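Structure file work-v1.tsv (TSV, C-alpha atoms and all ligand atoms) is printed below.
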```tsv
chain	number	residue	atom	x	y	z
H	1	MET	CA	151.26	70.34	84.34
H	2	LEU	CA	153.61	68.03	86.09
H	3	PRO	CA	156.89	69.87	86.52
H	4	PHE	CA	159.06	66.92	85.51
H	5	LEU	CA	157.56	66.85	82.02
H	6	LYS	CA	159.02	70.24	81.35
H	7	ILE	CA	162.47	69.08	82.43
H	8	MET	CA	162.13	65.91	80.43
H	9	VAL	CA	161.25	67.69	77.22
H	10	LYS	CA	164.09	70.13	77.79
H	11	ASN	CA	166.57	67.30	78.28
H	12	LEU	CA	165.26	65.43	75.26
H	13	LEU	CA	165.85	68.48	73.12
H	14	LYS	CA	169.36	68.89	74.52
H	15	GLY	CA	170.44	65.45	73.33
H	16	PRO	CA	172.62	62.92	75.09
H	17	SER	CA	174.94	64.18	77.81
H	18	THR	CA	177.18	61.11	77.68
H	19	ASP	CA	180.75	61.76	76.66
H	20	PRO	CA	181.12	59.98	73.30
H	21	PHE	CA	184.56	58.70	74.26
H	22	PRO	CA	186.01	56.12	73.32
H	23	PHE	CA	184.18	56.36	70.01
H	24	ALA	CA	184.89	60.06	69.55
H	25	PRO	CA	187.30	62.54	71.15
H	26	ALA	CA	186.38	63.52	74.68
H	27	LYS	CA	186.10	67.05	75.94
H	28	THR	CA	189.23	68.17	77.77
H	29	PRO	CA	189.33	71.37	79.84
H	30	LYS	CA	191.95	73.87	78.76
H	31	ARG	CA	194.07	73.77	81.90
H	32	PHE	CA	193.77	70.04	82.40
H	33	ARG	CA	196.90	68.37	83.77
H	34	GLY	CA	197.54	65.25	81.74
H	35	CYS	CA	200.90	63.60	81.45
H	36	ALA	CA	204.08	65.67	81.59
H	37	SER	CA	206.19	66.16	78.51
H	38	HIS	CA	209.84	67.12	78.23
H	39	ASP	CA	211.27	69.32	75.50
H	40	GLU	CA	215.01	68.66	75.28
H	41	SER	CA	215.64	71.72	73.16
H	42	LYS	CA	214.88	73.98	76.13
H	43	CYS	CA	216.41	71.97	78.96
H	44	ILE	CA	219.47	73.34	80.77
H	45	LEU	CA	219.89	70.27	83.01
H	46	CYS	CA	219.42	72.19	86.25
H	47	GLY	CA	217.73	69.17	87.83
H	48	ILE	CA	215.01	71.14	89.61
H	49	CYS	CA	212.28	68.99	88.08
H	50	LYS	CA	213.90	65.83	89.44
H	51	HIS	CA	214.35	67.48	92.83
H	52	VAL	CA	210.69	68.49	93.23
H	53	CYS	CA	209.16	65.32	91.79
H	54	ALA	CA	207.63	63.63	94.81
H	55	ALA	CA	206.79	60.47	92.90
H	56	GLY	CA	210.34	59.97	91.62
H	57	ALA	CA	209.10	59.84	88.06
H	58	ILE	CA	212.08	61.68	86.59
H	59	GLN	CA	215.49	60.13	86.14
H	60	MET	CA	218.59	61.85	84.82
H	61	ARG	CA	221.40	59.47	83.96
H	62	ALA	CA	224.77	60.75	82.84
H	63	ALA	CA	225.92	59.15	79.60
H	64	GLU	CA	229.00	56.97	79.96
H	65	ASP	CA	231.07	58.97	77.50
H	66	GLY	CA	230.29	62.18	79.39
H	67	SER	CA	228.67	63.84	76.40
H	68	GLY	CA	225.33	64.49	78.03
H	69	VAL	CA	222.47	63.28	80.15
H	70	GLU	CA	219.70	60.85	79.36
H	71	TYR	CA	216.43	62.27	80.64
H	72	VAL	CA	213.67	59.75	81.38
H	73	LEU	CA	210.13	60.56	82.41
H	74	TRP	CA	208.17	57.57	83.69
H	75	HIS	CA	204.46	58.02	83.05
H	76	ASN	CA	203.78	54.97	85.19
H	77	SER	CA	205.08	56.77	88.29
H	78	CYS	CA	203.94	60.31	87.58
H	79	VAL	CA	201.05	61.51	89.73
H	80	PHE	CA	200.24	64.53	87.52
H	81	CYS	CA	201.01	67.03	90.28
H	82	GLY	CA	202.52	69.51	87.83
H	83	MET	CA	205.35	70.53	90.15
H	84	CYS	CA	208.00	69.88	87.52
H	85	ALA	CA	206.26	72.18	85.05
H	86	HIS	CA	205.77	74.81	87.76
H	87	TYR	CA	209.41	74.90	88.84
H	88	CYS	CA	211.18	74.37	85.53
H	89	PRO	CA	212.90	77.73	84.94
H	90	THR	CA	212.91	77.45	81.16
H	91	GLY	CA	209.51	75.87	80.53
H	92	ALA	CA	211.06	72.69	79.20
H	93	VAL	CA	208.58	70.51	81.09
H	94	THR	CA	204.93	71.11	80.36
H	95	MET	CA	201.75	69.33	81.32
H	96	THR	CA	200.01	68.19	78.16
H	97	ASP	CA	196.32	67.46	77.77
H	98	ASN	CA	197.08	63.88	76.78
H	99	TRP	CA	195.46	61.40	79.08
H	100	HIS	CA	195.14	58.45	76.72
H	101	LEU	CA	197.68	56.58	78.74
H	102	SER	CA	196.20	53.14	79.17
H	103	HIS	CA	198.50	50.48	77.76
H	104	LEU	CA	199.19	46.79	77.90
H	105	ALA	CA	201.33	45.48	80.73
H	106	GLU	CA	204.02	44.30	78.28
H	107	GLU	CA	204.81	47.94	77.57
H	108	LYS	CA	205.33	48.69	81.25
H	109	TYR	CA	209.05	49.37	80.99
H	110	THR	CA	208.98	51.07	77.61
H	111	PHE	CA	206.14	53.39	78.48
H	112	CYS	CA	208.23	56.45	79.22
H	113	GLU	CA	209.55	59.52	77.51
H	114	THR	CA	213.28	59.43	76.89
H	115	SER	CA	215.35	62.26	75.54
H	116	PHE	CA	219.03	63.00	75.38
H	117	VAL	CA	220.37	66.39	76.39
H	118	ALA	CA	223.98	67.06	75.36
H	119	PHE	CA	226.28	69.15	77.55
H	120	GLY	CA	227.41	72.54	76.33
H	121	GLU	CA	230.94	73.83	75.81
H	122	CYS	CA	232.54	76.92	77.24
H	123	SER	CA	233.02	79.29	74.34
H	124	GLN	CA	236.48	80.27	75.62
H	125	CYS	CA	238.25	77.23	77.08
H	126	GLY	CA	235.97	74.46	75.78
H	127	ALA	CA	235.26	73.05	79.23
H	128	ARG	CA	232.07	71.09	79.83
H	129	ILE	CA	229.17	73.24	81.04
H	130	GLN	CA	225.42	72.94	81.28
H	131	PRO	CA	223.71	73.16	77.91
H	132	ARG	CA	222.96	76.62	76.59
H	133	PRO	CA	220.27	76.22	73.93
H	134	GLN	CA	219.63	79.17	71.66
H	135	VAL	CA	216.10	79.65	73.02
H	136	ILE	CA	217.52	80.12	76.51
H	137	VAL	CA	220.29	82.43	75.33
H	138	ASP	CA	217.64	84.60	73.68
H	139	GLN	CA	215.56	84.54	76.84
H	140	LEU	CA	218.06	84.88	79.68
H	141	GLY	CA	221.43	85.78	78.22
H	142	THR	CA	220.58	89.03	76.46
H	143	ARG	CA	222.40	91.32	78.89
H	144	SER	CA	225.81	89.88	78.20
H	145	PRO	CA	225.48	87.23	75.53
H	146	ASP	CA	229.19	86.47	75.34
H	147	ARG	CA	229.56	85.91	79.07
H	148	PHE	CA	226.47	83.69	79.17
H	149	LEU	CA	228.27	81.00	77.22
H	150	LEU	CA	231.33	80.81	79.50
H	151	CYS	CA	232.18	78.22	82.12
H	152	PRO	CA	232.17	79.48	85.74
H	153	LYS	CA	235.97	79.90	85.78
H	154	CYS	CA	236.17	81.91	82.58
H	155	LYS	CA	233.14	83.89	83.68
H	156	ARG	CA	234.84	84.84	86.94
H	157	GLU	CA	237.98	85.87	85.13
H	158	SER	CA	236.08	87.94	82.61
H	159	GLN	CA	234.14	89.62	85.40
H	160	VAL	CA	237.32	90.48	87.30
H	161	LYS	CA	238.85	91.87	84.15
H	162	HIS	CA	235.72	93.88	83.45
H	163	ALA	CA	235.73	95.29	87.01
H	164	THR	CA	239.43	96.14	86.91
H	165	ASP	CA	239.04	97.91	83.57
H	166	LYS	CA	236.17	99.91	84.98
H	167	ASN	CA	238.19	100.86	88.09
H	168	LEU	CA	241.16	101.92	86.00
H	169	ILE	CA	238.98	104.15	83.89
H	170	GLN	CA	237.45	105.70	87.00
H	171	LEU	CA	240.89	106.27	88.55
H	172	ARG	CA	242.14	107.87	85.38
H	173	GLU	CA	239.13	110.17	85.27
H	174	GLN	CA	239.72	111.24	88.89
H	175	GLN	CA	243.40	112.09	88.32
N	1	MET	CA	178.18	26.56	70.54
N	2	ARG	CA	181.35	27.23	72.48
N	3	ASN	CA	182.58	29.47	69.70
N	4	LEU	CA	179.35	31.42	69.74
N	5	ILE	CA	179.59	31.95	73.49
N	6	ASN	CA	183.22	32.97	73.16
N	7	LYS	CA	182.21	35.51	70.56
N	8	LEU	CA	179.33	36.92	72.55
N	9	ALA	CA	180.87	36.88	76.01
N	10	PRO	CA	183.22	39.90	75.61
N	11	ARG	CA	180.21	42.04	74.76
N	12	SER	CA	178.84	41.90	78.29
N	13	PRO	CA	181.62	41.53	80.85
N	14	TRP	CA	181.12	41.68	84.57
N	15	ILE	CA	183.53	44.04	86.21
N	16	TYR	CA	184.79	43.51	89.71
N	17	ARG	CA	186.54	46.19	91.72
N	18	LEU	CA	189.32	45.05	94.00
N	19	ASN	CA	190.68	47.60	96.44
N	20	ALA	CA	194.21	46.65	97.40
N	21	GLY	CA	194.71	49.42	99.93
N	22	SER	CA	194.05	52.37	97.68
N	23	CYS	CA	193.58	55.90	98.96
N	24	ASN	CA	190.02	55.92	97.53
N	25	GLY	CA	190.92	58.32	94.71
N	26	CYS	CA	190.89	55.65	92.05
N	27	ASP	CA	187.81	53.99	93.53
N	28	VAL	CA	185.86	57.21	93.28
N	29	GLU	CA	186.84	57.54	89.63
N	30	MET	CA	185.81	53.95	88.95
N	31	ALA	CA	182.46	54.59	90.61
N	32	THR	CA	182.16	57.79	88.58
N	33	ALA	CA	182.82	55.85	85.40
N	34	ALA	CA	179.91	53.58	86.25
N	35	LEU	CA	177.34	55.81	87.90
N	36	ILE	CA	177.42	59.14	86.14
N	37	PRO	CA	175.54	59.24	82.82
N	38	ARG	CA	178.26	61.48	81.43
N	39	TYR	CA	180.78	58.55	81.35
N	40	ASP	CA	178.59	55.48	81.69
N	41	VAL	CA	180.69	52.35	81.42
N	42	GLU	CA	177.52	50.33	80.86
N	43	ARG	CA	177.23	51.56	77.30
N	44	ILE	CA	180.05	49.18	76.31
N	45	GLY	CA	178.10	46.39	77.92
N	46	CYS	CA	179.89	46.27	81.26
N	47	LYS	CA	178.31	45.93	84.62
N	48	TYR	CA	179.87	46.01	88.05
N	49	CYS	CA	179.21	42.90	90.09
N	50	GLY	CA	179.43	42.27	93.78
N	51	SER	CA	180.86	38.80	93.83
N	52	PRO	CA	184.35	37.81	92.70
N	53	ARG	CA	182.96	34.52	91.41
N	54	HIS	CA	181.00	36.32	88.70
N	55	ALA	CA	183.77	38.59	87.55
N	56	ASP	CA	185.40	38.67	84.14
N	57	ILE	CA	187.41	41.87	84.32
N	58	VAL	CA	189.07	42.87	87.60
N	59	LEU	CA	189.92	46.49	88.25
N	60	ILE	CA	192.64	46.66	90.88
N	61	SER	CA	193.55	49.89	92.64
N	62	GLY	CA	196.05	50.57	95.37
N	63	PRO	CA	199.58	49.49	96.17
N	64	LEU	CA	198.69	46.20	97.92
N	65	THR	CA	199.39	47.13	101.50
N	66	VAL	CA	200.84	44.52	103.81
N	67	ARG	CA	197.65	44.46	105.85
N	68	VAL	CA	195.32	43.48	103.01
N	69	ARG	CA	197.74	41.44	100.90
N	70	ASP	CA	196.59	37.98	101.92
N	71	LYS	CA	192.94	38.88	101.75
N	72	VAL	CA	193.28	40.44	98.31
N	73	LEU	CA	195.18	37.44	96.97
N	74	ARG	CA	192.53	35.12	98.38
N	75	VAL	CA	189.74	37.06	96.67
N	76	PHE	CA	191.76	37.26	93.47
N	77	ASP	CA	192.13	33.49	93.37
N	78	GLU	CA	188.37	33.10	93.66
N	79	ILE	CA	187.81	34.87	90.36
N	80	PRO	CA	187.35	32.27	87.62
N	81	HIS	CA	189.64	32.04	84.58
N	82	PRO	CA	190.07	33.55	82.09
N	83	LYS	CA	190.12	36.79	84.02
N	84	VAL	CA	191.62	40.01	82.75
N	85	THR	CA	193.24	42.33	85.27
N	86	VAL	CA	193.38	46.08	84.85
N	87	GLY	CA	195.64	48.07	87.19
N	88	VAL	CA	193.98	51.42	87.81
N	89	GLY	CA	196.23	54.27	88.87
N	90	VAL	CA	199.98	54.34	89.31
N	91	CYS	CA	199.83	52.51	92.64
N	92	PRO	CA	199.49	48.93	91.31
N	93	VAL	CA	202.29	49.33	88.82
N	94	SER	CA	204.92	51.34	90.68
N	95	GLY	CA	203.57	51.98	94.16
N	96	GLY	CA	202.90	55.62	93.28
N	97	CYS	CA	203.38	57.98	96.18
N	98	PHE	CA	203.32	55.05	98.62
N	99	ARG	CA	206.40	53.52	97.05
N	100	ASP	CA	208.93	52.28	99.60
N	101	GLY	CA	206.51	53.11	102.42
N	102	TYR	CA	206.56	51.06	105.61
N	103	SER	CA	203.07	49.69	104.99
N	104	THR	CA	203.55	48.56	101.42
N	105	GLY	CA	205.87	45.89	100.20
N	106	ALA	CA	206.40	45.32	96.53
N	107	PRO	CA	203.76	46.88	94.28
N	108	THR	CA	200.71	44.88	93.25
N	109	ASP	CA	202.10	43.57	90.01
N	110	HIS	CA	204.72	41.48	91.83
N	111	TYR	CA	201.89	39.36	93.18
N	112	ILE	CA	199.10	39.75	90.66
N	113	PRO	CA	199.78	39.62	86.91
N	114	LEU	CA	198.38	42.77	85.34
N	115	ASP	CA	197.20	42.79	81.74
N	116	VAL	CA	196.33	46.42	81.19
N	117	ILE	CA	197.62	49.46	83.05
N	118	VAL	CA	195.81	52.78	83.32
N	119	PRO	CA	198.31	55.22	84.82
N	120	GLY	CA	197.22	58.42	86.51
N	121	CYS	CA	196.66	59.49	90.07
N	122	PRO	CA	193.75	59.09	89.77
N	123	PRO	CA	193.11	58.43	86.08
N	124	ARG	CA	190.15	60.09	84.40
N	125	PRO	CA	186.95	58.04	84.09
N	126	GLN	CA	187.35	58.10	80.31
N	127	ALA	CA	190.86	56.73	80.67
N	128	ILE	CA	189.48	53.91	82.81
N	129	ILE	CA	186.86	53.16	80.15
N	130	GLU	CA	189.63	53.14	77.54
N	131	GLY	CA	191.51	50.63	79.71
N	132	ILE	CA	188.42	48.44	79.94
N	133	VAL	CA	188.06	48.52	76.15
N	134	LYS	CA	191.68	47.37	75.88
N	135	ALA	CA	190.96	44.65	78.44
N	136	LEU	CA	188.08	43.41	76.29
N	137	ASP	CA	190.51	42.84	73.41
N	138	VAL	CA	192.80	40.88	75.73
N	139	TRP	CA	189.83	38.87	76.91
N	140	ARG	CA	188.77	38.05	73.36
N	141	VAL	CA	192.24	36.71	72.58
N	142	ARG	CA	192.26	34.75	75.80
N	143	LEU	CA	188.90	33.12	75.11
N	144	THR	CA	189.93	31.95	71.65
N	145	GLU	CA	193.29	30.67	72.86
N	146	ALA	CA	191.82	29.26	76.08
N	147	THR	CA	194.65	30.70	78.16
N	148	CYS	CA	194.55	32.45	81.50
N	149	CYS	CA	196.54	35.22	83.07
N	150	ARG	CA	198.78	32.78	84.91
N	151	SER	CA	199.71	30.87	81.76
H	201	LIG	S1	203.90	66.00	87.32
H	201	LIG	FE1	204.63	65.66	89.42
H	201	LIG	S2	204.92	63.44	89.55
H	201	LIG	FE2	204.75	63.92	87.37
H	201	LIG	S3	206.87	64.17	86.70
H	201	LIG	FE3	206.12	66.21	87.27
H	201	LIG	S4	206.72	66.48	89.41
H	201	LIG	FE4	206.88	64.27	88.95
H	202	LIG	S1	213.45	70.07	82.40
H	202	LIG	FE1	213.52	72.12	83.31
H	202	LIG	S2	213.74	71.80	85.52
H	202	LIG	FE2	214.22	69.85	84.50
H	202	LIG	S3	216.45	69.88	84.26
H	202	LIG	FE3	215.59	70.68	82.35
H	202	LIG	S4	215.53	72.91	82.65
H	202	LIG	FE4	215.81	72.00	84.70
H	203	LIG	S1	196.93	55.96	92.06
H	203	LIG	FE1	196.68	57.83	93.28
H	203	LIG	S2	194.47	58.04	93.49
H	203	LIG	FE2	194.83	55.92	92.88
H	203	LIG	S3	194.99	54.77	94.79
H	203	LIG	FE3	197.07	55.37	94.21
H	203	LIG	S4	197.43	57.30	95.32
H	203	LIG	FE4	195.20	56.93	95.31
```

In structure tokens, what does this structure look like?
Amino acid sequence: MLPFLKIMVKNLLKGPSTDPFPFAPAKTPKRFRGCASHDESKCILCGICKHVCAAGAIQMRAAEDGSGVEYVLWHNSCVFCGMCAHYCPTGAVTMTDNWHLSHLAEEKYTFCETSFVAFGECSQCGARIQPRPQVIVDQLGTRSPDRFLLCPKCKRESQVKHATDKNLIQLREQQ
Amino acid sequence: MRNLINKLAPRSPWIYRLNAGSCNGCDVEMATAALIPRYDVERIGCKYCGSPRHADIVLISGPLTVRVRDKVLRVFDEIPHPKVTVGVGVCPVSGGCFRDGYSTGAPTDHYIPLDVIVPGCPPRPQAIIEGIVKALDVWRVRLTEATCCRS
């Protein structure tokens, strides 16, 4: 028998191979890099994502009243490289599997993801520090939770005090 | 008669691909959207055409480099009204990774009015098809209102 008949019958039984999109959801691989997404509840405003973004798709604008930072992610500039998600220390930026991004040109300047991240407060002197969301405290600040919430100055002082106390105890033990 | 044609026309648009200095990434995806049975842009009635004078929907890719600018604009003006322009990739809308480069001036949409934007670098073939479906809606409106992209 002609060999192509076998292939043809096999393919007929398999059904259409065309992706049904846009009339039905398309198949998306699990590790597909679609557009980036920012989760403000995890962001500590370190600015690494903005630093590594080659396309300049991330903007961080300080609010005028000094209460926080407006974080803007421009999907129309993003090249889906995934660097921001790779370098974000807290996992606040992730690459989603959303690639339904086509839009009308009128929405050009509104087609972005905007979120507001408020600054934190030093738990001792109340000075302005980077935000310390609870998720991050649970993740990174478990060794000394009280010191994790301090501003650099108070942290230094508390460390010096801690070290001096330790030295005094040692000296006393030696005597 | 005119109404009937206006109703039927958006069901079989001719697509024209205009490369405004793209890196070829988007062009490959556009070709993929047309050639591979898995995506198959022809199932929504579209067909790529070779001449700008036949085109209804223009897919533009690339940041409009200084070298091709005049040629691209000349070809673009040959496309009859009412044309619908689709910017494919981030290059036409923001310049993408070529932004502020020595060989590109302002991005494409400073010179050519875009109607639909499909961001991505490059966008997926399905995303391009989605953009074409959006462009068909724009075209339908344009036919009934008898407007063009410059009006
Ligand atoms: S994926 Fe790449 S281009 Fe997009 S925002 Fe992240 S770093 Fe920038
Ligand atoms: S999103 Fe991540 S990398 Fe960017 S500023 Fe926030 S914590 Fe830093
Ligand atoms: S959007 Fe990306 S893939 Fe498309 S032409 Fe520009 S650089 Fe190339």

Please determine, counting all atoms listed in the file, which residue among H:Pro131, H:Ala85, H:Phe21, H:Leu5 has the shortest atom-to-atom distance to H:Cys49. H:Ala85

When the cut-off is 7 Å and you count all atoms listed in the file, which residues lie near ligand LIG 203 (chain H), shown as a PyMOL selection string? (chain H and resi 79) or (chain N and resi 22-26+61-63+88-91+96-97+120-122)

Output C-alpha atoms for every residue in that selection, as an mmCIF file, in the coordinates of the input.
```cif
data_model
loop_
_atom_site.group_PDB
_atom_site.id
_atom_site.type_symbol
_atom_site.label_atom_id
_atom_site.label_comp_id
_atom_site.auth_asym_id
_atom_site.auth_seq_id
_atom_site.Cartn_x
_atom_site.Cartn_y
_atom_site.Cartn_z
ATOM 1 C CA VAL H 79 201.050 61.510 89.730
ATOM 2 C CA SER N 22 194.050 52.370 97.680
ATOM 3 C CA CYS N 23 193.580 55.900 98.960
ATOM 4 C CA ASN N 24 190.020 55.920 97.530
ATOM 5 C CA GLY N 25 190.920 58.320 94.710
ATOM 6 C CA CYS N 26 190.890 55.650 92.050
ATOM 7 C CA SER N 61 193.550 49.890 92.640
ATOM 8 C CA GLY N 62 196.050 50.570 95.370
ATOM 9 C CA PRO N 63 199.580 49.490 96.170
ATOM 10 C CA VAL N 88 193.980 51.420 87.810
ATOM 11 C CA GLY N 89 196.230 54.270 88.870
ATOM 12 C CA VAL N 90 199.980 54.340 89.310
ATOM 13 C CA CYS N 91 199.830 52.510 92.640
ATOM 14 C CA GLY N 96 202.900 55.620 93.280
ATOM 15 C CA CYS N 97 203.380 57.980 96.180
ATOM 16 C CA GLY N 120 197.220 58.420 86.510
ATOM 17 C CA CYS N 121 196.660 59.490 90.070
ATOM 18 C CA PRO N 122 193.750 59.090 89.770
#
```

Contact residues (chain H, partner chain N, 12 Å, all atoms listed in the file) as a ChimeraX atom specification: /H:15-28,32-36,53-57,74-82,97-109,111-112

Can you write just those residues out, C-alpha atoms, as a compact mmCIF listing (two decimals), in the frame of the given file?
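Output (selection09.txt):
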```
# COMPACT_ATOMS: atom_id res chain seq x y z
CA GLY H 15 170.44 65.45 73.33
CA PRO H 16 172.62 62.92 75.09
CA SER H 17 174.94 64.18 77.81
CA THR H 18 177.18 61.11 77.68
CA ASP H 19 180.75 61.76 76.66
CA PRO H 20 181.12 59.98 73.30
CA PHE H 21 184.56 58.70 74.26
CA PRO H 22 186.01 56.12 73.32
CA PHE H 23 184.18 56.36 70.01
CA ALA H 24 184.89 60.06 69.55
CA PRO H 25 187.30 62.54 71.15
CA ALA H 26 186.38 63.52 74.68
CA LYS H 27 186.10 67.05 75.94
CA THR H 28 189.23 68.17 77.77
CA PHE H 32 193.77 70.04 82.40
CA ARG H 33 196.90 68.37 83.77
CA GLY H 34 197.54 65.25 81.74
CA CYS H 35 200.90 63.60 81.45
CA ALA H 36 204.08 65.67 81.59
CA CYS H 53 209.16 65.32 91.79
CA ALA H 54 207.63 63.63 94.81
CA ALA H 55 206.79 60.47 92.90
CA GLY H 56 210.34 59.97 91.62
CA ALA H 57 209.10 59.84 88.06
CA TRP H 74 208.17 57.57 83.69
CA HIS H 75 204.46 58.02 83.05
CA ASN H 76 203.78 54.97 85.19
CA SER H 77 205.08 56.77 88.29
CA CYS H 78 203.94 60.31 87.58
CA VAL H 79 201.05 61.51 89.73
CA PHE H 80 200.24 64.53 87.52
CA CYS H 81 201.01 67.03 90.28
CA GLY H 82 202.52 69.51 87.83
CA ASP H 97 196.32 67.46 77.77
CA ASN H 98 197.08 63.88 76.78
CA TRP H 99 195.46 61.40 79.08
CA HIS H 100 195.14 58.45 76.72
CA LEU H 101 197.68 56.58 78.74
CA SER H 102 196.20 53.14 79.17
CA HIS H 103 198.50 50.48 77.76
CA LEU H 104 199.19 46.79 77.90
CA ALA H 105 201.33 45.48 80.73
CA GLU H 106 204.02 44.30 78.28
CA GLU H 107 204.81 47.94 77.57
CA LYS H 108 205.33 48.69 81.25
CA TYR H 109 209.05 49.37 80.99
CA PHE H 111 206.14 53.39 78.48
CA CYS H 112 208.23 56.45 79.22
```

Once you count all atoms listed in the file, what closest atom pair and distance in Å to one decimal does each residue of chain H within 10 Å of ligand LIG 202 (chain H) have, with rows by chain and rising residue number, as CSV?
```
residue,atom,partner,partner_atom,distance
H:Ser37,CA,H:LIG202,S1,9.1
H:His38,CA,H:LIG202,S1,6.3
H:Asp39,CA,H:LIG202,S1,7.3
H:Glu40,CA,H:LIG202,FE3,7.4
H:Ser41,CA,H:LIG202,FE3,9.2
H:Lys42,CA,H:LIG202,S4,6.6
H:Cys43,CA,H:LIG202,FE3,3.7
H:Ile44,CA,H:LIG202,S4,4.4
H:Leu45,CA,H:LIG202,S3,3.7
H:Cys46,CA,H:LIG202,FE4,3.9
H:Gly47,CA,H:LIG202,S3,3.9
H:Ile48,CA,H:LIG202,S2,4.3
H:Cys49,CA,H:LIG202,S2,4.1
H:Lys50,CA,H:LIG202,FE2,6.4
H:His51,CA,H:LIG202,S2,8.5
H:Val52,CA,H:LIG202,S2,8.9
H:Cys53,CA,H:LIG202,FE2,10.0
H:Ile58,CA,H:LIG202,FE2,8.7
H:Gln59,CA,H:LIG202,FE2,9.9
H:Met60,CA,H:LIG202,S3,8.3
H:Val69,CA,H:LIG202,S3,9.8
H:Tyr71,CA,H:LIG202,S3,8.4
H:Met83,CA,H:LIG202,S2,9.7
H:Cys84,CA,H:LIG202,S2,6.4
H:Ala85,CA,H:LIG202,FE1,7.5
H:His86,CA,H:LIG202,S2,8.8
H:Tyr87,CA,H:LIG202,S2,6.3
H:Cys88,CA,H:LIG202,S2,3.6
H:Pro89,CA,H:LIG202,FE1,5.9
H:Thr90,CA,H:LIG202,S4,5.4
H:Gly91,CA,H:LIG202,FE1,6.2
H:Ala92,CA,H:LIG202,S1,4.8
H:Val93,CA,H:LIG202,S1,5.1
H:Thr94,CA,H:LIG202,S1,8.8
H:Val117,CA,H:LIG202,FE3,8.8
H:Gln130,CA,H:LIG202,S3,9.9
H:Pro131,CA,H:LIG202,S4,9.5
H:Ile136,CA,H:LIG202,S4,9.7
```

Counting all atoms listed in the file, I want the residues whose atoms come within 12 Å of (229.9, 78.5, 73.0) in the file frame, returned as a VMD selection string. chain H and resid 119 to 134 137 145 to 151 154

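Between atom CA of N:Trp14 and atom CA of N:Val41 the separation is 11.1 Å.
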
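Shortest separation to H:Glu70 among H:Glu113, H:Glu173, H:Asp165, H:Asp138 occurs at residue H:Glu113, atoms counted being all atoms listed in the file.
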
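Counting from atom CA of N:Trp139, the distance to atom CA of N:Pro10 is 6.8 Å.
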
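Atom CA of N:Val84 to atom CA of N:Asp137 spans 9.8 Å [interatomic distance, one decimal].
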
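Checking N:His54, N:Gly105, N:Ala20, N:Pro82 one by one against N:Leu136, counting all atoms listed in the file, you find the shortest gap at N:Pro82.
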
Nearest residue to ligand LIG 201 (chain H) out of H:Phe116, H:Gly68, H:Ala163, H:Thr96, using only C-alpha atoms and all ligand atoms? H:Thr96

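Proximity to N:Arg53 was assessed for N:His81, N:Lys7, N:Arg67, N:Arg2 counting all atoms listed in the file; the smallest distance is recorded for N:His81.
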
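You can rank H:Leu171, H:Pro3, H:Arg156, H:Leu73 by their closest distance to ligand LIG 201 (chain H) using all atoms listed in the file, and at the top of that list sits H:Leu73.
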
Residues within 12 Å of (177.1, 41.6, 87.8), file coordinates, counting all atoms listed in the file: what are they? Give the list as JSON, numbers by chain. {"N": [12, 13, 14, 15, 16, 17, 42, 45, 46, 47, 48, 49, 50, 51, 52, 53, 54, 55, 56, 57]}

With C-alpha atoms retained, write the just-selected residues as a CSV table (one decimal), in the frame of the given file.
```csv
chain,number,residue,atom,x,y,z
N,12,SER,CA,178.8,41.9,78.3
N,13,PRO,CA,181.6,41.5,80.8
N,14,TRP,CA,181.1,41.7,84.6
N,15,ILE,CA,183.5,44.0,86.2
N,16,TYR,CA,184.8,43.5,89.7
N,17,ARG,CA,186.5,46.2,91.7
N,42,GLU,CA,177.5,50.3,80.9
N,45,GLY,CA,178.1,46.4,77.9
N,46,CYS,CA,179.9,46.3,81.3
N,47,LYS,CA,178.3,45.9,84.6
N,48,TYR,CA,179.9,46.0,88.0
N,49,CYS,CA,179.2,42.9,90.1
N,50,GLY,CA,179.4,42.3,93.8
N,51,SER,CA,180.9,38.8,93.8
N,52,PRO,CA,184.4,37.8,92.7
N,53,ARG,CA,183.0,34.5,91.4
N,54,HIS,CA,181.0,36.3,88.7
N,55,ALA,CA,183.8,38.6,87.6
N,56,ASP,CA,185.4,38.7,84.1
N,57,ILE,CA,187.4,41.9,84.3
```

Could I get stretch 138-152 of chain H from the block written out with C-alpha atoms, as a short mmCIF file (atom, residue, chain, number, x, y, z; two decimals), in the first residue's frame?
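Wrote selection.cif, looks like this:
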```
data_model
loop_
_atom_site.label_atom_id
_atom_site.label_comp_id
_atom_site.auth_asym_id
_atom_site.auth_seq_id
_atom_site.Cartn_x
_atom_site.Cartn_y
_atom_site.Cartn_z
CA ASP H 138 8.75 36.15 57.79
CA GLN H 139 11.16 35.19 55.04
CA LEU H 140 14.32 37.17 55.75
CA GLY H 141 14.01 38.75 59.18
CA THR H 142 13.56 35.66 61.33
CA ARG H 143 17.00 35.77 62.95
CA SER H 144 16.46 39.08 64.65
CA PRO H 145 12.94 40.25 63.91
CA ASP H 146 13.18 43.40 66.02
CA ARG H 147 16.37 44.60 64.37
CA PHE H 148 14.99 43.92 60.89
CA LEU H 149 12.51 46.75 61.26
CA LEU H 150 15.07 49.41 62.25
CA CYS H 151 16.54 52.19 60.15
CA PRO H 152 20.29 51.87 59.41
#
```
